[in-house]
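The file model.cif comes next; it holds mmCIF, C-alpha atoms and all ligand atoms.
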```
data_data
#
loop_
_atom_site.group_PDB
_atom_site.id
_atom_site.type_symbol
_atom_site.label_atom_id
_atom_site.label_comp_id
_atom_site.auth_asym_id
_atom_site.auth_seq_id
_atom_site.Cartn_x
_atom_site.Cartn_y
_atom_site.Cartn_z
ATOM 1 C CA MET A 1 -13.133 -1.688 5.340
ATOM 2 C CA ALA A 2 -12.341 -2.717 1.801
ATOM 3 C CA LEU A 3 -9.373 -0.629 0.809
ATOM 4 C CA THR A 4 -8.469 -2.158 -2.481
ATOM 5 C CA GLY A 5 -9.902 -0.775 -5.627
ATOM 6 C CA PRO A 6 -12.036 -2.798 -7.930
ATOM 7 C CA PRO A 7 -9.973 -5.756 -9.051
ATOM 8 C CA ALA A 8 -9.935 -4.628 -12.639
ATOM 9 C CA ALA A 9 -6.379 -5.720 -13.212
ATOM 10 C CA ILE A 10 -6.923 -8.258 -15.889
ATOM 11 C CA PRO A 11 -5.081 -6.749 -18.801
ATOM 12 C CA GLY A 12 -5.666 -8.435 -22.040
ATOM 13 C CA ARG A 13 -8.828 -10.135 -20.877
ATOM 14 C CA GLU A 14 -10.796 -8.151 -23.424
ATOM 15 C CA ASP A 15 -8.925 -9.816 -26.193
ATOM 16 C CA GLN A 16 -10.000 -13.227 -25.133
ATOM 17 C CA PRO A 17 -13.553 -13.286 -26.505
ATOM 18 C CA ASP A 18 -11.819 -13.370 -29.833
ATOM 19 C CA ARG A 19 -13.163 -16.858 -30.427
ATOM 20 C CA SER A 20 -10.864 -18.364 -32.940
ATOM 21 C CA PRO A 21 -12.919 -19.428 -35.881
ATOM 22 C CA ALA A 22 -12.756 -22.882 -37.298
ATOM 23 C CA PRO A 23 -10.082 -23.168 -39.967
ATOM 24 C CA PRO A 24 -11.622 -21.397 -42.927
ATOM 25 C CA PRO A 25 -12.071 -23.200 -46.152
ATOM 26 C CA SER A 26 -9.536 -22.274 -48.723
ATOM 27 C CA GLY A 27 -10.285 -19.932 -51.568
ATOM 28 C CA ASP A 28 -12.574 -16.875 -51.728
ATOM 29 C CA ALA A 29 -14.683 -17.968 -48.785
ATOM 30 C CA THR A 30 -11.890 -16.844 -46.409
ATOM 31 C CA GLU A 31 -12.569 -13.126 -46.833
ATOM 32 C CA PRO A 32 -16.099 -12.835 -45.328
ATOM 33 C CA VAL A 33 -15.129 -14.958 -42.328
ATOM 34 C CA ARG A 34 -12.195 -12.667 -41.489
ATOM 35 C CA GLN A 35 -14.319 -9.552 -41.713
ATOM 36 C CA ALA A 36 -16.801 -10.998 -39.279
ATOM 37 C CA THR A 37 -14.273 -11.221 -36.432
ATOM 38 C CA PRO A 38 -14.718 -8.293 -34.018
ATOM 39 C CA ALA A 39 -11.125 -7.083 -33.623
ATOM 40 C CA PRO A 40 -8.645 -7.064 -36.464
ATOM 41 C CA PRO A 41 -5.332 -8.544 -35.315
ATOM 42 C CA SER A 42 -3.525 -5.274 -36.052
ATOM 43 C CA GLU A 43 -5.473 -3.497 -33.280
ATOM 44 C CA ARG A 44 -4.616 -5.969 -30.554
ATOM 45 C CA PRO A 45 -1.434 -4.334 -29.156
ATOM 46 C CA ALA A 46 -3.185 -0.932 -28.962
ATOM 47 C CA GLY A 47 -6.191 -2.537 -27.248
ATOM 48 C CA LEU A 48 -3.934 -4.212 -24.727
ATOM 49 C CA ALA A 49 -2.053 -0.965 -24.027
ATOM 50 C CA SER A 50 -5.289 0.964 -23.486
ATOM 51 C CA ALA A 51 -6.561 -1.768 -21.155
ATOM 52 C CA VAL A 52 -3.406 -1.430 -19.073
ATOM 53 C CA THR A 53 -3.790 2.374 -19.046
ATOM 54 C CA ARG A 54 -7.434 2.084 -18.014
ATOM 55 C CA THR A 55 -6.462 -0.287 -15.214
ATOM 56 C CA ARG A 56 -3.821 2.117 -13.950
ATOM 57 C CA VAL A 57 -6.124 5.162 -14.132
ATOM 58 C CA SER A 58 -8.924 3.335 -12.310
ATOM 59 C CA THR A 59 -6.389 2.236 -9.707
ATOM 60 C CA VAL A 60 -5.392 5.866 -9.065
ATOM 61 C CA LEU A 61 -9.055 6.933 -8.803
ATOM 62 C CA ALA A 62 -9.905 4.037 -6.479
ATOM 63 C CA ILE A 63 -6.992 4.871 -4.202
ATOM 64 C CA LEU A 64 -7.972 8.567 -4.075
ATOM 65 C CA ALA A 65 -11.566 7.648 -3.281
ATOM 66 C CA ILE A 66 -10.513 5.870 -0.107
ATOM 67 C CA SER A 67 -8.562 8.802 1.349
ATOM 68 C CA PRO A 68 -11.453 9.710 3.757
ATOM 69 C CA LEU A 69 -11.287 6.133 5.092
ATOM 70 C CA MET A 70 -7.571 6.485 5.654
ATOM 71 C CA ARG A 71 -8.098 9.851 7.355
ATOM 72 C CA LEU A 72 -10.695 8.225 9.615
ATOM 73 C CA ALA A 73 -8.318 5.361 10.498
ATOM 74 C CA ALA A 74 -5.480 7.774 11.328
ATOM 75 C CA LEU A 75 -7.816 9.962 13.412
ATOM 76 C CA ARG A 76 -9.294 7.023 15.290
ATOM 77 C CA TYR A 77 -6.040 5.314 16.295
ATOM 78 C CA ALA A 78 -3.727 8.317 16.826
ATOM 79 C CA VAL A 79 -4.262 8.182 20.588
ATOM 80 C CA PRO A 80 -1.708 7.296 23.282
ATOM 81 C CA PRO A 81 -1.562 3.617 24.327
ATOM 82 C CA GLY A 82 -4.267 2.616 26.753
ATOM 83 C CA LEU A 83 -6.774 5.258 25.675
ATOM 84 C CA PRO A 84 -9.907 4.322 23.732
ATOM 85 C CA SER A 85 -9.964 5.090 20.018
ATOM 86 C CA ARG A 86 -11.000 8.634 19.148
ATOM 87 C CA SER A 87 -14.514 8.870 17.800
ATOM 88 C CA GLY A 88 -15.028 12.595 17.440
ATOM 89 C CA CYS A 89 -13.686 16.134 17.638
ATOM 90 C CA ASP A 90 -11.316 16.743 20.556
ATOM 91 C CA ALA A 91 -12.616 20.289 21.030
ATOM 92 C CA CYS A 92 -16.399 19.875 21.025
ATOM 93 C CA GLY A 93 -16.954 16.118 20.983
ATOM 94 C CA ALA A 94 -18.997 16.160 17.779
ATOM 95 C CA PRO A 95 -18.856 12.640 16.337
ATOM 96 C CA VAL A 96 -16.756 12.033 13.232
ATOM 97 C CA GLY A 97 -17.470 8.967 11.138
ATOM 98 C CA LEU A 98 -18.479 7.643 7.774
ATOM 99 C CA THR A 99 -22.086 8.703 8.287
ATOM 100 C CA ARG A 100 -20.912 12.325 8.582
ATOM 101 C CA PRO A 101 -17.558 12.428 6.807
ATOM 102 C CA TRP A 102 -17.410 16.081 5.689
ATOM 103 C CA PRO A 103 -15.581 18.308 6.325
ATOM 104 C CA ALA A 104 -13.721 16.393 9.060
ATOM 105 C CA LEU A 105 -12.575 13.583 6.762
ATOM 106 C CA GLY A 106 -11.871 15.846 3.795
ATOM 107 C CA PRO A 107 -8.579 17.610 3.052
ATOM 108 C CA ALA A 108 -9.604 20.615 5.212
ATOM 109 C CA ALA A 109 -9.630 18.413 8.366
ATOM 110 C CA ARG A 110 -12.004 20.734 10.213
ATOM 111 C CA CYS A 111 -14.748 19.791 12.626
ATOM 112 C CA GLY A 112 -18.107 20.479 10.976
ATOM 113 C CA HIS A 113 -19.492 21.729 14.284
ATOM 114 C CA CYS A 114 -16.818 23.971 15.892
ATOM 115 C CA ARG A 115 -14.352 24.310 12.983
ATOM 116 C CA ALA A 116 -11.434 23.094 15.150
ATOM 117 C CA ARG A 117 -8.805 20.953 13.416
ATOM 118 C CA VAL A 118 -9.546 17.237 13.572
ATOM 119 C CA GLY A 119 -6.956 14.510 13.113
ATOM 120 C CA GLN A 120 -4.034 14.758 10.695
ATOM 121 C CA PRO A 121 -2.990 18.217 9.377
ATOM 122 C CA PRO A 122 -4.923 19.481 6.338
ATOM 123 C CA ALA A 123 -4.103 17.791 3.010
ATOM 124 C CA THR A 124 -1.407 15.490 4.445
ATOM 125 C CA VAL A 125 -3.342 12.256 3.973
ATOM 126 C CA GLU A 126 -4.549 13.301 0.538
ATOM 127 C CA LEU A 127 -1.049 14.275 -0.636
ATOM 128 C CA ALA A 128 0.416 11.003 0.672
ATOM 129 C CA VAL A 129 -2.331 9.046 -1.076
ATOM 130 C CA LEU A 130 -1.953 11.016 -4.291
ATOM 131 C CA ALA A 131 1.827 10.554 -4.303
ATOM 132 C CA ALA A 132 1.437 6.812 -3.704
ATOM 133 C CA ALA A 133 -1.209 6.508 -6.426
ATOM 134 C CA LEU A 134 0.839 8.409 -9.007
ATOM 135 C CA LEU A 135 4.007 6.457 -8.216
ATOM 136 C CA LEU A 136 2.091 3.187 -8.527
ATOM 137 C CA ALA A 137 0.535 4.265 -11.812
ATOM 138 C CA LEU A 138 3.850 5.395 -13.291
ATOM 139 C CA ALA A 139 6.268 2.838 -11.888
ATOM 140 C CA GLY A 140 4.285 0.235 -9.975
ATOM 141 C CA PRO A 141 5.602 -3.315 -9.975
ATOM 142 C CA PRO A 142 4.297 -5.366 -12.856
ATOM 143 C CA GLY A 143 1.863 -8.226 -12.669
ATOM 144 C CA GLY A 144 0.157 -9.984 -9.845
ATOM 145 C CA ALA A 145 1.903 -8.324 -6.881
ATOM 146 C CA LEU A 146 0.284 -4.912 -7.551
ATOM 147 C CA PRO A 147 -3.034 -5.585 -5.715
ATOM 148 C CA ALA A 148 -1.097 -6.701 -2.624
ATOM 149 C CA LEU A 149 0.984 -3.515 -2.694
ATOM 150 C CA ILE A 150 -2.135 -1.330 -3.072
ATOM 151 C CA TRP A 151 -3.807 -3.136 -0.162
ATOM 152 C CA TRP A 152 -0.662 -2.751 1.936
ATOM 153 C CA LEU A 153 -0.388 0.989 1.232
ATOM 154 C CA GLY A 154 -4.086 1.465 2.038
ATOM 155 C CA TRP A 155 -3.529 0.251 5.612
ATOM 156 C CA THR A 156 0.092 1.264 6.098
ATOM 157 C CA ILE A 157 -0.170 4.964 5.167
ATOM 158 C CA PRO A 158 -2.640 5.643 8.049
ATOM 159 C CA ALA A 159 -0.577 3.394 10.336
ATOM 160 C CA ILE A 160 2.530 5.479 9.602
ATOM 161 C CA LEU A 161 0.626 8.721 10.258
ATOM 162 C CA VAL A 162 -0.396 7.274 13.628
ATOM 163 C CA ASP A 163 3.230 6.248 14.290
ATOM 164 C CA LEU A 164 4.418 9.786 13.552
ATOM 165 C CA ALA A 165 1.753 11.267 15.815
ATOM 166 C CA VAL A 166 1.905 8.965 18.863
ATOM 167 C CA HIS A 167 4.826 6.543 18.238
ATOM 168 C CA ARG A 168 2.857 3.371 17.926
ATOM 169 C CA LEU A 169 1.691 1.147 15.098
ATOM 170 C CA PRO A 170 -1.826 -0.059 15.929
ATOM 171 C CA ASP A 171 -2.584 -3.778 15.491
ATOM 172 C CA ARG A 172 -5.911 -2.740 13.972
ATOM 173 C CA LEU A 173 -3.945 -1.466 10.956
ATOM 174 C CA THR A 174 -0.771 -3.603 10.784
ATOM 175 C CA VAL A 175 -2.494 -6.980 11.199
ATOM 176 C CA PRO A 176 -5.052 -6.503 8.376
ATOM 177 C CA ALA A 177 -2.212 -5.083 6.252
ATOM 178 C CA ALA A 178 -0.203 -8.276 6.756
ATOM 179 C CA ALA A 179 -3.153 -10.677 6.403
ATOM 180 C CA GLY A 180 -4.379 -9.098 3.156
ATOM 181 C CA THR A 181 -0.882 -8.824 1.707
ATOM 182 C CA TRP A 182 -0.185 -12.511 2.330
ATOM 183 C CA LEU A 183 -3.593 -13.499 0.963
ATOM 184 C CA LEU A 184 -3.311 -11.370 -2.197
ATOM 185 C CA LEU A 185 0.222 -12.605 -2.837
ATOM 186 C CA GLY A 186 -1.110 -16.142 -2.417
ATOM 187 C CA VAL A 187 -3.766 -15.429 -5.042
ATOM 188 C CA ALA A 188 -1.098 -13.926 -7.326
ATOM 189 C CA ALA A 189 0.999 -17.062 -6.836
ATOM 190 C CA LEU A 190 -1.719 -19.122 -8.554
ATOM 191 C CA ASP A 191 -0.609 -17.507 -11.812
ATOM 192 C CA ALA A 192 3.082 -17.301 -11.006
ATOM 193 C CA ASP A 193 5.989 -19.419 -9.917
ATOM 194 C CA PRO A 194 5.150 -20.818 -6.435
ATOM 195 C CA GLY A 195 8.715 -19.918 -5.437
ATOM 196 C CA HIS A 196 7.585 -16.271 -5.223
ATOM 197 C CA TRP A 197 5.026 -17.113 -2.559
ATOM 198 C CA LEU A 198 7.483 -19.267 -0.637
ATOM 199 C CA ARG A 199 10.028 -16.438 -0.620
ATOM 200 C CA ALA A 200 7.319 -13.984 0.493
ATOM 201 C CA VAL A 201 6.317 -16.223 3.414
ATOM 202 C CA ILE A 202 9.926 -16.802 4.490
ATOM 203 C CA GLY A 203 10.807 -13.102 4.037
ATOM 204 C CA GLY A 204 7.800 -11.875 6.044
ATOM 205 C CA THR A 205 8.187 -14.413 8.833
ATOM 206 C CA GLY A 206 11.966 -14.002 9.063
ATOM 207 C CA LEU A 207 11.885 -10.209 9.170
ATOM 208 C CA ALA A 208 9.078 -10.167 11.737
ATOM 209 C CA LEU A 209 10.936 -12.651 13.961
ATOM 210 C CA PHE A 210 14.105 -10.553 13.715
ATOM 211 C CA PHE A 211 12.256 -7.364 14.722
ATOM 212 C CA ALA A 212 10.360 -9.158 17.495
ATOM 213 C CA SER A 213 13.559 -10.674 18.891
ATOM 214 C CA THR A 214 15.187 -7.224 19.162
ATOM 215 C CA ALA A 215 12.037 -5.966 20.917
ATOM 216 C CA LEU A 216 12.185 -8.819 23.426
ATOM 217 C CA LEU A 217 15.970 -8.816 23.933
ATOM 218 C CA LEU A 218 16.729 -5.093 23.865
ATOM 219 C CA GLY A 219 13.473 -3.612 25.158
ATOM 220 C CA ARG A 220 13.089 0.041 24.258
ATOM 221 C CA ARG A 221 16.450 0.060 22.498
ATOM 222 C CA GLY A 222 15.190 -2.528 19.998
ATOM 223 C CA PHE A 223 12.345 -2.283 17.539
ATOM 224 C CA GLY A 224 8.748 -2.169 18.727
ATOM 225 C CA LEU A 225 6.368 -5.107 18.420
ATOM 226 C CA GLY A 226 4.314 -2.879 16.103
ATOM 227 C CA ASP A 227 7.340 -2.687 13.802
ATOM 228 C CA ALA A 228 7.547 -6.506 13.909
ATOM 229 C CA LYS A 229 3.904 -6.811 12.830
ATOM 230 C CA LEU A 230 4.518 -4.336 10.008
ATOM 231 C CA ALA A 231 7.591 -6.386 9.029
ATOM 232 C CA LEU A 232 5.305 -9.381 8.344
ATOM 233 C CA SER A 233 3.951 -7.584 5.283
ATOM 234 C CA VAL A 234 7.144 -5.678 4.395
ATOM 235 C CA GLY A 235 9.195 -8.891 4.225
ATOM 236 C CA ALA A 236 6.494 -10.603 2.163
ATOM 237 C CA LEU A 237 6.159 -7.770 -0.381
ATOM 238 C CA LEU A 238 9.922 -7.449 -0.850
ATOM 239 C CA GLY A 239 10.613 -11.183 -0.687
ATOM 240 C CA TRP A 240 8.058 -11.878 -3.438
ATOM 241 C CA HIS A 241 10.326 -10.058 -5.908
ATOM 242 C CA GLY A 242 13.474 -11.873 -4.806
ATOM 243 C CA TRP A 243 16.131 -11.896 -2.125
ATOM 244 C CA PRO A 244 18.112 -9.006 -3.711
ATOM 245 C CA VAL A 245 14.985 -6.798 -3.602
ATOM 246 C CA LEU A 246 14.417 -7.716 0.063
ATOM 247 C CA LEU A 247 18.017 -6.836 0.833
ATOM 248 C CA PHE A 248 17.776 -3.607 -1.183
ATOM 249 C CA GLY A 249 14.615 -2.586 0.689
ATOM 250 C CA LEU A 250 16.265 -3.186 4.063
ATOM 251 C CA VAL A 251 19.394 -1.266 3.031
ATOM 252 C CA LEU A 252 17.213 1.681 1.938
ATOM 253 C CA THR A 253 15.137 1.504 5.143
ATOM 254 C CA PHE A 254 18.085 1.390 7.532
ATOM 255 C CA GLY A 255 20.131 3.856 5.443
ATOM 256 C CA LEU A 256 17.307 6.377 5.447
ATOM 257 C CA SER A 257 16.765 5.925 9.177
ATOM 258 C CA ALA A 258 20.498 6.424 9.856
ATOM 259 C CA LEU A 259 20.607 9.550 7.687
ATOM 260 C CA VAL A 260 17.613 11.127 9.403
ATOM 261 C CA SER A 261 18.929 10.195 12.868
ATOM 262 C CA LEU A 262 22.316 11.746 12.097
ATOM 263 C CA GLY A 263 20.631 14.859 10.737
ATOM 264 C CA LEU A 264 18.517 15.218 13.894
ATOM 265 C CA LEU A 265 21.575 14.657 16.109
ATOM 266 C CA ALA A 266 23.654 17.167 14.157
ATOM 267 C CA THR A 267 20.956 19.816 14.438
ATOM 268 C CA ARG A 268 20.420 18.949 18.123
ATOM 269 C CA ARG A 269 16.796 18.153 17.543
ATOM 270 C CA ALA A 270 17.349 14.722 19.054
ATOM 271 C CA ASN A 271 19.827 13.051 21.388
ATOM 272 C CA TRP A 272 21.102 9.468 21.612
ATOM 273 C CA SER A 273 18.171 8.352 23.748
ATOM 274 C CA THR A 274 15.480 9.836 21.484
ATOM 275 C CA HIS A 275 13.149 7.131 20.190
ATOM 276 C CA LEU A 276 12.359 7.701 16.523
ATOM 277 C CA PRO A 277 9.347 5.970 14.978
ATOM 278 C CA PHE A 278 10.654 3.335 12.558
ATOM 279 C CA GLY A 279 7.423 2.728 10.627
ATOM 280 C CA PRO A 280 7.884 5.681 8.236
ATOM 281 C CA PHE A 281 11.312 4.370 7.203
ATOM 282 C CA LEU A 282 9.853 0.909 6.571
ATOM 283 C CA LEU A 283 7.154 2.448 4.375
ATOM 284 C CA LEU A 284 9.575 4.639 2.403
ATOM 285 C CA GLY A 285 12.301 1.994 2.062
ATOM 286 C CA THR A 286 9.870 -0.694 0.938
ATOM 287 C CA THR A 287 8.053 1.525 -1.535
ATOM 288 C CA ALA A 288 11.307 2.878 -2.983
ATOM 289 C CA ALA A 289 12.797 -0.605 -3.358
ATOM 290 C CA LEU A 290 9.666 -1.890 -5.104
ATOM 291 C CA LEU A 291 9.537 1.080 -7.476
ATOM 292 C CA LEU A 292 13.255 1.057 -8.282
ATOM 293 C CA ALA A 293 14.019 -2.652 -8.418
ATOM 294 C CA THR A 294 10.951 -4.203 -10.044
HETATM 295 ZN ZN ZN A 301 -15.574 20.259 17.062
#
```
Take the structure from the file and write it as C-alpha cells.
Amino acid sequence: MALTGPPAAIPGREDQPDRSPAPPPSGDATEPVRQATPAPPSERPAGLASAVTRTRVSTVLAILAISPLMRLAALRYAVPPGLPSRSGCDACGAPVGLTRPWPALGPAARCGHCRARVGQPPATVELAVLAAALLLALAGPPGGALPALIWWLGWTIPAILVDLAVHRLPDRLTVPAAAGTWLLLGVAALDADPGHWLRAVIGGTGLALFFASTALLLGRRGFGLGDAKLALSVGALLGWHGWPVLLFGLVLTFGLSALVSLGLLATRRANWSTHLPFGPFLLLGTTAALLLAT
C-alpha cells in the first residue's frame, strides 16, 4: 500500500539543466551565446516558486487520491481485539475492497449492495485527509522531512480513526508508519546534517520506551503498547526538527489530552476510570507542533 504521493519534491531541479556555457569570448560574440540559453536568469526565482507551488498542489492531490485506501484501512481494522479484520459489509456481508471500492470506500460510506453504512461515518475520512493536505500545503515543514510527515499521516489518520472506534492502534498501521518515517527521514538525512537523523532515532526510541514502560509498569493506567509503537514515529518526526520541537509537541499532546479529560469529567461524560484513546492527541499534538514550530 504505497501511501506517499509521487516523490516530486525536488524544487529547483528544473533549473539545473541550465548547462553553464563555456566562458564566452569577449566582445560582440557574447550576445548570441546568451540568447541561446533556455532560461534567462531573471526568470529563475519565478520558476523556482512555481515548481514549489506545483509540488505542493500535486502533494494535496496525491493525498486526496489515497483517501479510499485510508477508508479501507480504517474499516478493516476497526474491530475489537481478537476478531479477524473486517472484509465486508456488517449488514449483508457484501465484500468491500479495492476491486469494488464504490460507494463503500467513497465519502458516502454506504454498502453498494444493501445501502447500510459501512465503516467510518460519511465524509469523516475525506475531511480529515483534506484538512491534513491543506495544512501541509499551506504550512508544511520545509525541506526533506515533508515526505516522512506525509507518509506518517497516511498511516496514522486511519489508525487514529480505529483508535476512536475500538480503542486500539493496530500494529498493521503503526509499524509501517514508524518504519517508513524512519526510512524517509534517513533518506532526507543524506542531504542534511546527520545530527537531525540521530536526534530522530533517539527521540523515537526514547519516547517509545517511555510509553512502553508505563504500559508494563502501570498496566491499564499507563499508555497502551499501541501508543508506544505510534511514539516510535512521533518521537522521530518531532526529534528531527530539534529537542525544543519534541518538547513542544509533547506539551501540546499532554495539554490537549488533559483539557479534553477535564471537559469530559466536568460534563460527566467520563469518570476517573474512563480510558480515553491517546492516539488522537498524539496525532493532533505532533501535527500542530510541526506546523507551528517549523
Ligand atoms: Zn451491505
Handout entry: Residues returned when the PyMOL selection byres (((chain A and resi 241-246) around 9) and not hetatm) runs on this file, as a list in words
Key =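 Listing what the PyMOL selection byres (((chain A and resi 241-246) around 9) and not hetatm) selects in the shown file: Ala145, His196, Arg199, Ala200, Gly203, Val234, Gly235, Ala236, Leu237, Leu238, Gly239, Trp240, Leu247, Phe248, Gly249, Leu250, Val251, Thr286, Ala289, Leu290, Ala293 and Thr294 of chain A.
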How would the residues just picked look written out with C-alpha atoms as a PDB file, in the frame of the given file?
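Contents of again.pdb, freshly written:
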```pdb
ATOM      1  CA  ALA A 145       1.903  -8.324  -6.881  1.00  0.00           C
ATOM      2  CA  HIS A 196       7.585 -16.271  -5.223  1.00  0.00           C
ATOM      3  CA  ARG A 199      10.028 -16.438  -0.620  1.00  0.00           C
ATOM      4  CA  ALA A 200       7.319 -13.984   0.493  1.00  0.00           C
ATOM      5  CA  GLY A 203      10.807 -13.102   4.037  1.00  0.00           C
ATOM      6  CA  VAL A 234       7.144  -5.678   4.395  1.00  0.00           C
ATOM      7  CA  GLY A 235       9.195  -8.891   4.225  1.00  0.00           C
ATOM      8  CA  ALA A 236       6.494 -10.603   2.163  1.00  0.00           C
ATOM      9  CA  LEU A 237       6.159  -7.770  -0.381  1.00  0.00           C
ATOM     10  CA  LEU A 238       9.922  -7.449  -0.850  1.00  0.00           C
ATOM     11  CA  GLY A 239      10.613 -11.183  -0.687  1.00  0.00           C
ATOM     12  CA  TRP A 240       8.058 -11.878  -3.438  1.00  0.00           C
ATOM     13  CA  LEU A 247      18.017  -6.836   0.833  1.00  0.00           C
ATOM     14  CA  PHE A 248      17.776  -3.607  -1.183  1.00  0.00           C
ATOM     15  CA  GLY A 249      14.615  -2.586   0.689  1.00  0.00           C
ATOM     16  CA  LEU A 250      16.265  -3.186   4.063  1.00  0.00           C
ATOM     17  CA  VAL A 251      19.394  -1.266   3.031  1.00  0.00           C
ATOM     18  CA  THR A 286       9.870  -0.694   0.938  1.00  0.00           C
ATOM     19  CA  ALA A 289      12.797  -0.605  -3.358  1.00  0.00           C
ATOM     20  CA  LEU A 290       9.666  -1.890  -5.104  1.00  0.00           C
ATOM     21  CA  ALA A 293      14.019  -2.652  -8.418  1.00  0.00           C
ATOM     22  CA  THR A 294      10.951  -4.203 -10.044  1.00  0.00           C
TER      23      THR A 294
END
```
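Contacts with ligand ZN 301 (chain A) are defined as any residue atom within 9 Å of a ligand atom, using all atoms listed in the file; the residues meeting this criterion are Gly88, Cys89, Asp90, Ala91, Cys92, Gly93, Ala94, Pro95, Arg110, Cys111, Gly112, His113, Cys114, Arg115, Ala116, Arg117 and Val118 of chain A.
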Please write the residues from the selection above to a file, keeping C-alpha atoms, as a compact mmCIF listing (two decimals), keeping the file's coordinate frame.
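So again.txt came out as:
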```txt
# COMPACT_ATOMS: atom_id res chain seq x y z
CA GLY A 88 -15.03 12.60 17.44
CA CYS A 89 -13.69 16.13 17.64
CA ASP A 90 -11.32 16.74 20.56
CA ALA A 91 -12.62 20.29 21.03
CA CYS A 92 -16.40 19.88 21.02
CA GLY A 93 -16.95 16.12 20.98
CA ALA A 94 -19.00 16.16 17.78
CA PRO A 95 -18.86 12.64 16.34
CA ARG A 110 -12.00 20.73 10.21
CA CYS A 111 -14.75 19.79 12.63
CA GLY A 112 -18.11 20.48 10.98
CA HIS A 113 -19.49 21.73 14.28
CA CYS A 114 -16.82 23.97 15.89
CA ARG A 115 -14.35 24.31 12.98
CA ALA A 116 -11.43 23.09 15.15
CA ARG A 117 -8.80 20.95 13.42
CA VAL A 118 -9.55 17.24 13.57
```
Exercise for the section: On this file, the PyMOL selection byres (((chain A and resi 74) around 9) and not hetatm) gives some set of residues; write that set as number ranges by chain. Expected result: A: 69-73, 75-78, 119-120, 125, 157-162
Practice task
With only C-alpha atoms counted, which protein, DNA or RNA residues have an atom no more than 10 Å from (-2.1, 1.4, -16.0) in the file frame? Please answer as an MDAnalysis selection string.
Solution key: chainID A and resid 9 11 49:60 136:140 142
Practice task
Go through A:Leu283, A:Ala179, A:Val96, A:Leu198 one by one, measure the shortest atom-to-atom distance of each to Trp151 (chain A) using all atoms listed in the file, and give the residue with the smallest value.
Solution key: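 Residue with the minimum atom-to-atom distance to Trp151 (chain A): A:Ala179.
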Problem - Selected residue, from A:Ser67, A:Ala165, A:Asp191, A:Thr205, that lies nearest to Ala132 (chain A) when counting only C-alpha atoms - result: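 Closest residue, counting only C-alpha atoms: A:Ser67.
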Exercise for the section: Go through A:Ala189, A:Arg220, A:Pro68, A:Ala148 one by one, measure the shortest atom-to-atom distance of each to Ala123 (chain A) using all atoms listed in the file, and give the residue with the smallest value. Expected result: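 Distance minimum relative to Ala123 (chain A) lands on A:Pro68.
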Problem - For CA of Ala192 (chain A) and CA of Leu291 (chain A), the interatomic separation in Å (one decimal) - result: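 Interatomic distance, CA of Ala192 (chain A) to CA of Leu291 (chain A): 19.8 Å.
If all atoms listed in the file are the atoms counted, then among A:Thr124, A:Thr156, A:Ser273, A:Ser87 the closest residue to Gly222 (chain A) is A:Ser273.
When all atoms listed in the file are used to measure the gap to Leu61 (chain A), the shortest distance among A:Leu252, A:Pro176, A:Leu276, A:Leu134 belongs to A:Leu134.
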Exercise for the section: Write out as a ChimeraX atom specification each polymer residue whose atoms come within 12 Å of region 260-267 of chain A, counting all atoms listed in the file; drop sequence neighbours fewer than 4 positions from it. Expected result: /A:253-256,271-278,280-281
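Straight-line separation from CA of Gly82 (chain A) to CA of Arg168 (chain A): 11.4 Å.
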Exercise for the section: One decimal, Å: what's the distance from CA of His167 (chain A) over to CA of Phe223 (chain A), could you say? Expected result: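 Atom-to-atom, CA of His167 (chain A) and CA of Phe223 (chain A) are spaced 11.6 Å apart.
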Handout entry: For Leu183 (chain A), the nearest of the candidates A:Pro147, A:Pro141, A:Gly154, A:Gly206, counting all atoms listed in the file
Key =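 Closest to Leu183 (chain A) of all the choices is A:Pro147.
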Exercise for the section: Would you kindly return, as a ChimeraX atom specification, each protein, DNA or RNA residue with an atom no farther than 10 Å from any atom of Val175 (chain A), considering all atoms listed in the file and excluding same-chain residues fewer than 2 positions away? Expected result: /A:155,169-173,177-181,226,229-230,232-233
Output C-alpha atoms of each residue in that selection to a file, as a JSON list (two decimals), in the frame of the given file.
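Output contents, as saved in out31.json:
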```
[["chain", "number", "residue", "atom", "x", "y", "z"],
["A", 155, "TRP", "CA", -3.53, 0.25, 5.61],
["A", 169, "LEU", "CA", 1.69, 1.15, 15.10],
["A", 170, "PRO", "CA", -1.83, -0.06, 15.93],
["A", 171, "ASP", "CA", -2.58, -3.78, 15.49],
["A", 172, "ARG", "CA", -5.91, -2.74, 13.97],
["A", 173, "LEU", "CA", -3.94, -1.47, 10.96],
["A", 177, "ALA", "CA", -2.21, -5.08, 6.25],
["A", 178, "ALA", "CA", -0.20, -8.28, 6.76],
["A", 179, "ALA", "CA", -3.15, -10.68, 6.40],
["A", 180, "GLY", "CA", -4.38, -9.10, 3.16],
["A", 181, "THR", "CA", -0.88, -8.82, 1.71],
["A", 226, "GLY", "CA", 4.31, -2.88, 16.10],
["A", 229, "LYS", "CA", 3.90, -6.81, 12.83],
["A", 230, "LEU", "CA", 4.52, -4.34, 10.01],
["A", 232, "LEU", "CA", 5.30, -9.38, 8.34],
["A", 233, "SER", "CA", 3.95, -7.58, 5.28]]
```
